[in-house]
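Each remark here refers to the structure printed beneath this line.
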Amino acid sequence: MYRYDEFDEAFVRQRVAEFREQVARRLSGELTEEQFKPLRLMNGLYLQLHAYMLRVAIPYGTLSSKQMRRLAWIARTYDRGYGHFTTRQNIQFNWPKLGDIPDILDSLAEVEMHAIQTSGNCIRNVTADAYAGVAADEIDDPRVYAEVLRQWSTLHPEFSFLPRKFKIAITGSPHDRAAIKVHDIGLRMLRDDSGAPGFEVVVGGGQGRTPVVGETVRDFLPSEHLISYMEAILRVYNLLGRRDNLYKSRIKILVKQVGIEEFRRLVEAEWASIREGWELDLPESEVERIGAYFAPPTYEPVELIDLGFAQAQRQDPAFAQWVRCNSFPHKETGYTIAVISLKPEGGIPGDATAEQMEVVADLADHYSLGEIRVAHEQNLVLPNVKKADLYAVWQALVKAELATPNLGLITDMIACPGLDYCNLANARSIPVAQRIGERFKDRDLVEELGPITLNISGCINACGHHHVANIGLLGVDKKGQEFYQITLGGRADEHAAIGEIVGPAFSYDQVVDAVETIVTTYRGQRQSGEVFLDTYQRIGIQPFKEKLYGTR
Amino acid sequence: MTAQVMTANRLDDGAVVYLAPEGAWSERLVEAEVAEDAATLHRLEAEAERAVRGQLVVGPYLFTVALEAEGPRPIGQREIIRAAGPSVGTDFKVVAANDNDRAGN
């Protein structure tokens with residue numbers, strides 16, 4: 001994992017000291033709320049429905065066990081004993097007091113964490129494939145470049161006041177697990193014919209009230225030019241992006257407005273001009289220095305076939321089901337990627353108690369070389385588990401109520417905080433997720449249904465990624481009552497697509513029945529070997545409409 | 001005019017509070033002063049403005065309530081949740097300081 005150098009350490013501490021003074025001035029009345037708000041947002045501090053909310057950055061979703069323990073300690077000491085992992089691979093604390101925030105930030109700084117650029121119109125925390133560096137299907141570890149981007153974008157003086165927030169995602173695998181096509185910039189690692197590393201650069205994707213699948217602005221960008229090319233895109237956006245209308249200020253609107261051809265021409269021209277002036281790209285030695293932090297750990301040689309692992313699965317069907325659902329192929333023989341679902345039936349998607357965080361930290365230390373990942377689907381990942389250890393890991397997870405076998409299945413829902421917490425929301429998300437979890441609590445049925453993504457957003461800002469879910473629920477307000485619009489057929493992978501609205505919205509009371517109707521329709525029409533999306537693409541939306549609304 | 005209550009978030013912890021008689025701010029909606037005439041409404045607005053300047057609260061606004069025997073009841077879902085706390089489980093309900101009674105409905 002990357003370790004702070006003296007510069008990182010000093011500037012994070014400096015920022016905490018600065019914010020401590022700003023908080024004191026706010027509490028004493030020297031600063032009005034109007035003056036303080038932009039300052040607190042620069043430090044990840046929001047004021048939500050019931051309390052302040054602190055959003056802490058987890059760069060590219062990678063955490064050490066020590067950092068996880070500190071998050072648990074903060075949850076217990078300054079909050080209500082839990083934290084909420086988000087689709088940006090961050091963690092949010094829902095109940096901190098304003099006066100405690102500087103101490104929380106100091107505590108985070110001790111473990112090389114902060115809340116800088118988790119809000120505001122700047123380049124936000126760079127997200128990455130949660131299986132980066134360990135996935136069997138990976139071309140290269142994207143975290144090296146995610147860290148390069150983090151260093152480049154942190155407090156970048158030119159890009160601290162962009163027209164709007166800016167999100168970058170990166171994947172090192174051909175199978176996109178980082179939803180790169182619905183980010184302002186998406187980077188997919190590739191190798192050219194000579195084997196040299198580079199990126200396909202996708203631009204102008206996004207969700208919100210105008211969902212757009214990003215378009216490729218460059219088929220292959222040699223990796224050594226990453227920074228100068230990012231600089232060129234951001235400069236074009238910073239200059240031409242709209243600042244007069246909040247809803248038209250993201251880069252996706254600019255790309256749509258000028259067209260991808262013209263946008264590409266503008267970026268290439270800016271890039272040429274940047275490269276003429278001075279050398280902006282990182283020297284190879286610096287990339288190597290950062291890369292050394294992400295060098296693969298020393299894996300122990302293990303037997304090709306572990307008889308104990310196979311036997312445990314035969315003897316314990318619940319374990320076997322969890323292995324089938326929640327483990328993913330590791331690049332190293334004898335190891336696996338173990339995914340810890342934060343979606344227990346009837347639970348709150350993405351929430352973990354302080355005790356659960358500590359269990360995960362202990363498991364990471366004992367079984368996963370001290371490392372944890374946060375997946376954008378709001379789950380946790382132990383990236384380096386020996387198959388021989390998996391049964392012990394699972395048993396510990398069962399005790400901590402963390403062993404739900406539902407990865408990628410219908411109950412592995414993404415849900416934003418919704419109207420229970422969020423000032424922007426129109427409707428609740430979490431209780432709907434809880435009710436769907438209760439409705440689909442038959443684990444065998446859920447597994448039999450196969451991969452289905454079901455995501456819920458409490459408003460059109462789409463923090464719950466409903467646009468790119470196979471089944472998407474969007475909360476809307478109708479005269480003070482909560483209703484839910486349903487979309488079908490969305491997906492967030494390399495074939496990203498925006499879901500299609502199935503018809504009029506359903507009330508809070510009706511929406512879970514509507515989801516069940518969709519699932520029943522799928523089961524009735526499903527052919528052998530099909531997953532939900534296969535069936536949907538074969539039969540289209542009409543049969544679902546008919547079941548949901550009749551033939552009207 | 002419709003009955004209205006002044007609400008805000010408390011500056012130091014962000015808690016939902018309601019303007020009660022004599023300029024006090026309470027976490028319990030049942031203790032809120034209800035404005036049913038223009039004069040009371042203006043007085044509540046002036047009190048709220050004073051509380052903002054005095055670093056007690058942030059972002060005050062009025063919202064409509066229905067008057068029932070047990071006290072004012074919020075009309076919209078947003079204010080129902082602000083009054084009662086998150087509806088996601090029993091752990092996070094609003095518990096007024098030094099008072100185990102749950103506010104709101």
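Following the order of the structure tokens, chains are lettered A, B, ..., residues in each are numbered from 1, and ligands are numbered from 1.
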Determine, counting only C-alpha atoms, which protein, DNA and RNA residues have an atom within 9 Å of an atom of stretch 5-14 of chain B; residues of the same chain fewer than 4 positions away are not included. Present the result as an NGL selection string. (:A and (27 or 47-52 or 95-99)) or (:B and (18-20 or 25 or 29 or 32-35 or 41 or 44-45 or 48 or 52 or 55-65 or 72))
Write out as JSON lines a residue-level contact list of chain B versus chain A with cut-off 7 Å: for each qualifying residue the closest pair of atoms and the distance in Å to one decimal, counting only C-alpha atoms, rows sorted by chain and residue number upward.
{"residue": "B:Asp12", "atom": "CA", "partner": "A:Leu98", "partner_atom": "CA", "distance": 5.3}
{"residue": "B:Asp13", "atom": "CA", "partner": "A:Lys97", "partner_atom": "CA", "distance": 4.3}
{"residue": "B:Gly14", "atom": "CA", "partner": "A:Ala51", "partner_atom": "CA", "distance": 4.0}
{"residue": "B:Ala15", "atom": "CA", "partner": "A:Ala51", "partner_atom": "CA", "distance": 5.1}
{"residue": "B:Val16", "atom": "CA", "partner": "A:His50", "partner_atom": "CA", "distance": 5.5}
{"residue": "B:Gln55", "atom": "CA", "partner": "A:Gly29", "partner_atom": "CA", "distance": 5.9}
{"residue": "B:Gly76", "atom": "CA", "partner": "A:Gly480", "partner_atom": "CA", "distance": 4.7}
{"residue": "B:Gln77", "atom": "CA", "partner": "A:Gly480", "partner_atom": "CA", "distance": 5.9}
{"residue": "B:Arg78", "atom": "CA", "partner": "A:Leu419", "partner_atom": "CA", "distance": 6.8}
{"residue": "B:Ile81", "atom": "CA", "partner": "A:Asp420", "partner_atom": "CA", "distance": 6.4}
{"residue": "B:Arg82", "atom": "CA", "partner": "A:Leu49", "partner_atom": "CA", "distance": 6.3}
{"residue": "B:Pro86", "atom": "CA", "partner": "A:Asp420", "partner_atom": "CA", "distance": 4.6}
{"residue": "B:Ser87", "atom": "CA", "partner": "A:Asp420", "partner_atom": "CA", "distance": 6.3}
{"residue": "B:Val88", "atom": "CA", "partner": "A:Pro431", "partner_atom": "CA", "distance": 5.6}
Worksheet item: Expressed in Å to a single decimal, how great is the separation between atom CA of A:Ser228 and atom CA of A:Gly120?
Response: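 These atoms are spaced 23.1 Å apart.
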Item checked: Shell around A:Lys343 at 9 Å using only C-alpha atoms, local window under 3 positions removed, as a ChimeraX atom specification -> /A:340,346-351,378-379,402,404,406-407,411-414,437
Atoms kept (N, CA and C atoms) for selection, written as a short mmCIF file (atom, residue, chain, number, x, y, z; two decimals), in the first residue's frame:
data_model
loop_
_atom_site.label_atom_id
_atom_site.label_comp_id
_atom_site.auth_asym_id
_atom_site.auth_seq_id
_atom_site.Cartn_x
_atom_site.Cartn_y
_atom_site.Cartn_z
N ILE A 340 -16.96 -9.56 1.38
CA ILE A 340 -17.81 -9.50 2.56
C ILE A 340 -19.01 -8.63 2.22
N GLY A 346 -32.61 -7.63 5.17
CA GLY A 346 -33.27 -6.68 6.06
C GLY A 346 -32.34 -5.64 6.65
N GLY A 347 -31.06 -5.68 6.26
CA GLY A 347 -30.08 -4.74 6.81
C GLY A 347 -29.99 -3.46 5.97
N ILE A 348 -29.05 -2.61 6.37
CA ILE A 348 -28.86 -1.32 5.70
C ILE A 348 -27.66 -1.44 4.76
N PRO A 349 -27.87 -1.36 3.45
CA PRO A 349 -26.75 -1.53 2.51
C PRO A 349 -25.59 -0.58 2.82
N GLY A 350 -24.41 -1.15 2.96
CA GLY A 350 -23.20 -0.35 3.15
C GLY A 350 -22.86 -0.02 4.58
N ASP A 351 -23.76 -0.31 5.52
CA ASP A 351 -23.45 0.01 6.92
C ASP A 351 -22.63 -1.10 7.56
N GLN A 378 -20.64 -1.09 -2.31
CA GLN A 378 -20.83 -0.95 -0.86
C GLN A 378 -20.58 -2.25 -0.11
N ASN A 379 -19.63 -3.01 -0.57
CA ASN A 379 -19.18 -4.20 0.14
C ASN A 379 -17.71 -4.05 0.51
N LEU A 402 -21.74 -11.21 8.94
CA LEU A 402 -21.16 -10.62 7.73
C LEU A 402 -21.03 -11.64 6.60
N THR A 404 -23.42 -12.98 4.45
CA THR A 404 -24.54 -13.14 3.52
C THR A 404 -24.01 -13.53 2.14
N ASN A 406 -24.51 -13.25 -1.19
CA ASN A 406 -25.37 -12.63 -2.20
C ASN A 406 -24.64 -11.70 -3.17
N LEU A 407 -23.35 -11.87 -3.32
CA LEU A 407 -22.60 -10.96 -4.19
C LEU A 407 -23.15 -10.99 -5.63
N THR A 411 -30.25 -9.27 -3.85
CA THR A 411 -30.23 -8.60 -2.55
C THR A 411 -28.92 -7.84 -2.29
N ASP A 412 -27.98 -7.93 -3.23
CA ASP A 412 -26.73 -7.16 -3.11
C ASP A 412 -26.99 -5.76 -3.65
N MET A 413 -27.93 -5.06 -3.02
CA MET A 413 -28.41 -3.79 -3.56
C MET A 413 -27.49 -2.63 -3.21
N ILE A 414 -27.33 -1.73 -4.17
CA ILE A 414 -26.74 -0.43 -3.86
C ILE A 414 -27.91 0.47 -3.45
N GLY A 437 -34.94 -6.92 0.80
CA GLY A 437 -34.10 -7.96 1.42
C GLY A 437 -34.94 -8.98 2.18
#
- Those in chain B with strand (DSSP E) from DSSP, as a ChimeraX atom specification: /B:4-10,16-19,25-26,34-35,57-68,71-74
Could you save the residues just selected, with C-alpha atoms, as a PDB file, in the first residue's frame?
ATOM      1  CA  GLN B   4     -46.696  26.528  10.908  1.00  0.00           C
ATOM      2  CA  VAL B   5     -43.708  25.670  13.055  1.00  0.00           C
ATOM      3  CA  MET B   6     -40.176  27.097  12.866  1.00  0.00           C
ATOM      4  CA  THR B   7     -37.404  24.530  12.622  1.00  0.00           C
ATOM      5  CA  ALA B   8     -33.627  24.580  12.120  1.00  0.00           C
ATOM      6  CA  ASN B   9     -30.527  22.502  12.776  1.00  0.00           C
ATOM      7  CA  ARG B  10     -28.574  23.242  15.944  1.00  0.00           C
ATOM      8  CA  VAL B  16     -33.194  19.029  14.396  1.00  0.00           C
ATOM      9  CA  VAL B  17     -34.706  21.651  16.676  1.00  0.00           C
ATOM     10  CA  TYR B  18     -38.006  23.534  16.875  1.00  0.00           C
ATOM     11  CA  LEU B  19     -38.628  27.013  18.122  1.00  0.00           C
ATOM     12  CA  TRP B  25     -35.183  25.610  20.921  1.00  0.00           C
ATOM     13  CA  SER B  26     -36.429  22.093  21.612  1.00  0.00           C
ATOM     14  CA  VAL B  34     -47.339  26.922  16.470  1.00  0.00           C
ATOM     15  CA  ALA B  35     -48.014  30.051  14.442  1.00  0.00           C
ATOM     16  CA  VAL B  57     -29.006  27.348  14.892  1.00  0.00           C
ATOM     17  CA  VAL B  58     -28.443  27.025  11.146  1.00  0.00           C
ATOM     18  CA  GLY B  59     -30.869  27.308   8.240  1.00  0.00           C
ATOM     19  CA  PRO B  60     -34.201  28.056   9.966  1.00  0.00           C
ATOM     20  CA  TYR B  61     -37.439  27.710   8.003  1.00  0.00           C
ATOM     21  CA  LEU B  62     -41.160  27.332   8.579  1.00  0.00           C
ATOM     22  CA  PHE B  63     -43.117  24.225   7.728  1.00  0.00           C
ATOM     23  CA  THR B  64     -46.777  23.345   7.742  1.00  0.00           C
ATOM     24  CA  VAL B  65     -48.269  21.165  10.477  1.00  0.00           C
ATOM     25  CA  ALA B  66     -51.638  19.653  11.230  1.00  0.00           C
ATOM     26  CA  LEU B  67     -52.911  20.364  14.720  1.00  0.00           C
ATOM     27  CA  GLU B  68     -53.932  17.279  16.632  1.00  0.00           C
ATOM     28  CA  GLY B  71     -49.678  18.412  19.322  1.00  0.00           C
ATOM     29  CA  PRO B  72     -48.477  19.521  15.909  1.00  0.00           C
ATOM     30  CA  ARG B  73     -47.999  16.788  13.314  1.00  0.00           C
ATOM     31  CA  PRO B  74     -45.840  17.287  10.174  1.00  0.00           C
TER      32      PRO B  74
END
Problem - Residues within 9 Å of A:Ala375, only C-alpha atoms, excluding chain neighbours under 4 positions, as a ChimeraX atom specification - result: /A:61,85-89,128-131,177-178,339,379-381
- atom CA of A:Gly172 and atom CA of A:Gly195, how far apart in Å?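 Computing the Euclidean distance for atom CA of A:Gly195 and atom CA of A:Gly172 yields 14.3 Å.
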- Could you pull out the residues in stretch 11-120 of chain A that DSSP calls alpha helix (DSSP H) from the backbone, as a PyMOL selection string? chain A and resi 11-28+33-41+65-78+101-110
With N, CA and C atoms retained, write the just-selected residues as a short mmCIF file (atom, residue, chain, number, x, y, z; two decimals), in the first residue's frame.
data_model
loop_
_atom_site.label_atom_id
_atom_site.label_comp_id
_atom_site.auth_asym_id
_atom_site.auth_seq_id
_atom_site.Cartn_x
_atom_site.Cartn_y
_atom_site.Cartn_z
N PHE A 11 1.16 18.30 4.78
CA PHE A 11 0.05 19.11 4.27
C PHE A 11 -1.28 18.66 4.85
N VAL A 12 -1.44 17.37 5.14
CA VAL A 12 -2.68 16.91 5.77
C VAL A 12 -2.79 17.51 7.19
N ARG A 13 -1.69 17.49 7.92
CA ARG A 13 -1.69 18.07 9.27
C ARG A 13 -1.99 19.58 9.23
N GLN A 14 -1.41 20.22 8.22
CA GLN A 14 -1.62 21.66 8.06
C GLN A 14 -3.10 21.96 7.81
N ARG A 15 -3.71 21.12 6.97
CA ARG A 15 -5.13 21.32 6.65
C ARG A 15 -6.01 21.12 7.89
N VAL A 16 -5.66 20.14 8.73
CA VAL A 16 -6.44 19.91 9.94
C VAL A 16 -6.34 21.14 10.86
N ALA A 17 -5.12 21.65 11.00
CA ALA A 17 -4.91 22.82 11.88
C ALA A 17 -5.71 24.01 11.36
N GLU A 18 -5.69 24.17 10.06
CA GLU A 18 -6.43 25.28 9.44
C GLU A 18 -7.94 25.13 9.69
N PHE A 19 -8.44 23.90 9.53
CA PHE A 19 -9.87 23.68 9.71
C PHE A 19 -10.26 23.80 11.18
N ARG A 20 -9.35 23.39 12.08
CA ARG A 20 -9.62 23.54 13.52
C ARG A 20 -9.90 25.01 13.84
N GLU A 21 -9.10 25.87 13.25
CA GLU A 21 -9.27 27.30 13.49
C GLU A 21 -10.59 27.79 12.88
N GLN A 22 -10.92 27.27 11.68
CA GLN A 22 -12.16 27.70 11.03
C GLN A 22 -13.39 27.26 11.82
N VAL A 23 -13.34 26.03 12.37
CA VAL A 23 -14.45 25.54 13.20
C VAL A 23 -14.60 26.43 14.44
N ALA A 24 -13.49 26.76 15.07
CA ALA A 24 -13.53 27.61 16.26
C ALA A 24 -14.15 28.96 15.92
N ARG A 25 -13.77 29.50 14.77
CA ARG A 25 -14.32 30.81 14.36
C ARG A 25 -15.81 30.70 14.05
N ARG A 26 -16.23 29.58 13.52
CA ARG A 26 -17.67 29.39 13.27
C ARG A 26 -18.43 29.31 14.58
N LEU A 27 -17.91 28.53 15.52
CA LEU A 27 -18.62 28.35 16.78
C LEU A 27 -18.65 29.64 17.60
N SER A 28 -17.63 30.49 17.41
CA SER A 28 -17.61 31.75 18.16
C SER A 28 -18.42 32.84 17.45
N GLU A 33 -22.65 31.06 8.64
CA GLU A 33 -22.81 29.78 7.95
C GLU A 33 -22.48 29.94 6.46
N GLU A 34 -22.88 31.05 5.90
CA GLU A 34 -22.61 31.31 4.48
C GLU A 34 -21.10 31.32 4.21
N GLN A 35 -20.34 31.91 5.13
CA GLN A 35 -18.88 31.94 4.96
C GLN A 35 -18.25 30.59 5.25
N PHE A 36 -18.84 29.86 6.20
CA PHE A 36 -18.23 28.61 6.67
C PHE A 36 -18.52 27.44 5.73
N LYS A 37 -19.70 27.46 5.11
CA LYS A 37 -20.14 26.31 4.31
C LYS A 37 -19.11 25.87 3.26
N PRO A 38 -18.59 26.77 2.42
CA PRO A 38 -17.59 26.29 1.44
C PRO A 38 -16.34 25.73 2.11
N LEU A 39 -16.01 26.24 3.30
CA LEU A 39 -14.81 25.75 3.99
C LEU A 39 -15.04 24.34 4.53
N ARG A 40 -16.25 24.12 5.11
CA ARG A 40 -16.50 22.78 5.64
C ARG A 40 -16.62 21.77 4.51
N LEU A 41 -17.25 22.19 3.39
CA LEU A 41 -17.39 21.24 2.28
C LEU A 41 -16.02 20.83 1.73
N SER A 65 -5.56 -2.68 7.65
CA SER A 65 -6.29 -3.10 8.85
C SER A 65 -6.20 -2.01 9.92
N LYS A 66 -5.05 -1.35 9.98
CA LYS A 66 -4.87 -0.28 10.98
C LYS A 66 -5.85 0.87 10.71
N GLN A 67 -6.00 1.21 9.44
CA GLN A 67 -6.95 2.29 9.10
C GLN A 67 -8.38 1.88 9.41
N MET A 68 -8.72 0.62 9.13
CA MET A 68 -10.09 0.14 9.42
C MET A 68 -10.35 0.21 10.92
N ARG A 69 -9.35 -0.17 11.72
CA ARG A 69 -9.54 -0.10 13.19
C ARG A 69 -9.77 1.34 13.63
N ARG A 70 -9.07 2.27 12.97
CA ARG A 70 -9.24 3.66 13.34
C ARG A 70 -10.65 4.15 12.96
N LEU A 71 -11.13 3.71 11.83
CA LEU A 71 -12.50 4.08 11.44
C LEU A 71 -13.50 3.55 12.47
N ALA A 72 -13.25 2.33 12.94
CA ALA A 72 -14.12 1.74 13.97
C ALA A 72 -14.06 2.57 15.25
N TRP A 73 -12.87 2.97 15.61
CA TRP A 73 -12.68 3.76 16.84
C TRP A 73 -13.40 5.11 16.73
N ILE A 74 -13.30 5.72 15.56
CA ILE A 74 -13.99 7.00 15.35
C ILE A 74 -15.51 6.80 15.43
N ALA A 75 -15.99 5.71 14.81
CA ALA A 75 -17.43 5.43 14.84
C ALA A 75 -17.92 5.30 16.27
N ARG A 76 -17.12 4.64 17.09
CA ARG A 76 -17.53 4.38 18.48
C ARG A 76 -17.36 5.62 19.35
N THR A 77 -16.29 6.38 19.12
CA THR A 77 -15.95 7.50 19.99
C THR A 77 -16.75 8.76 19.66
N TYR A 78 -16.90 9.02 18.38
CA TYR A 78 -17.49 10.30 17.97
C TYR A 78 -18.83 10.16 17.27
N ILE A 101 -15.05 17.57 14.96
CA ILE A 101 -14.50 17.27 13.63
C ILE A 101 -12.97 17.45 13.55
N PRO A 102 -12.41 18.54 14.10
CA PRO A 102 -10.95 18.66 14.02
C PRO A 102 -10.22 17.49 14.70
N ASP A 103 -10.75 17.02 15.83
CA ASP A 103 -10.11 15.87 16.50
C ASP A 103 -10.24 14.61 15.65
N ILE A 104 -11.40 14.44 15.01
CA ILE A 104 -11.58 13.28 14.13
C ILE A 104 -10.57 13.34 12.99
N LEU A 105 -10.42 14.53 12.41
CA LEU A 105 -9.48 14.67 11.28
C LEU A 105 -8.04 14.45 11.74
N ASP A 106 -7.71 14.90 12.94
CA ASP A 106 -6.37 14.63 13.48
C ASP A 106 -6.15 13.14 13.63
N SER A 107 -7.18 12.47 14.13
CA SER A 107 -7.09 11.03 14.34
C SER A 107 -6.92 10.30 13.00
N LEU A 108 -7.64 10.78 11.99
CA LEU A 108 -7.49 10.19 10.65
C LEU A 108 -6.09 10.44 10.10
N ALA A 109 -5.57 11.65 10.33
CA ALA A 109 -4.24 11.98 9.81
C ALA A 109 -3.17 11.04 10.38
N GLU A 110 -3.38 10.59 11.62
CA GLU A 110 -2.41 9.66 12.24
C GLU A 110 -2.30 8.35 11.45
#
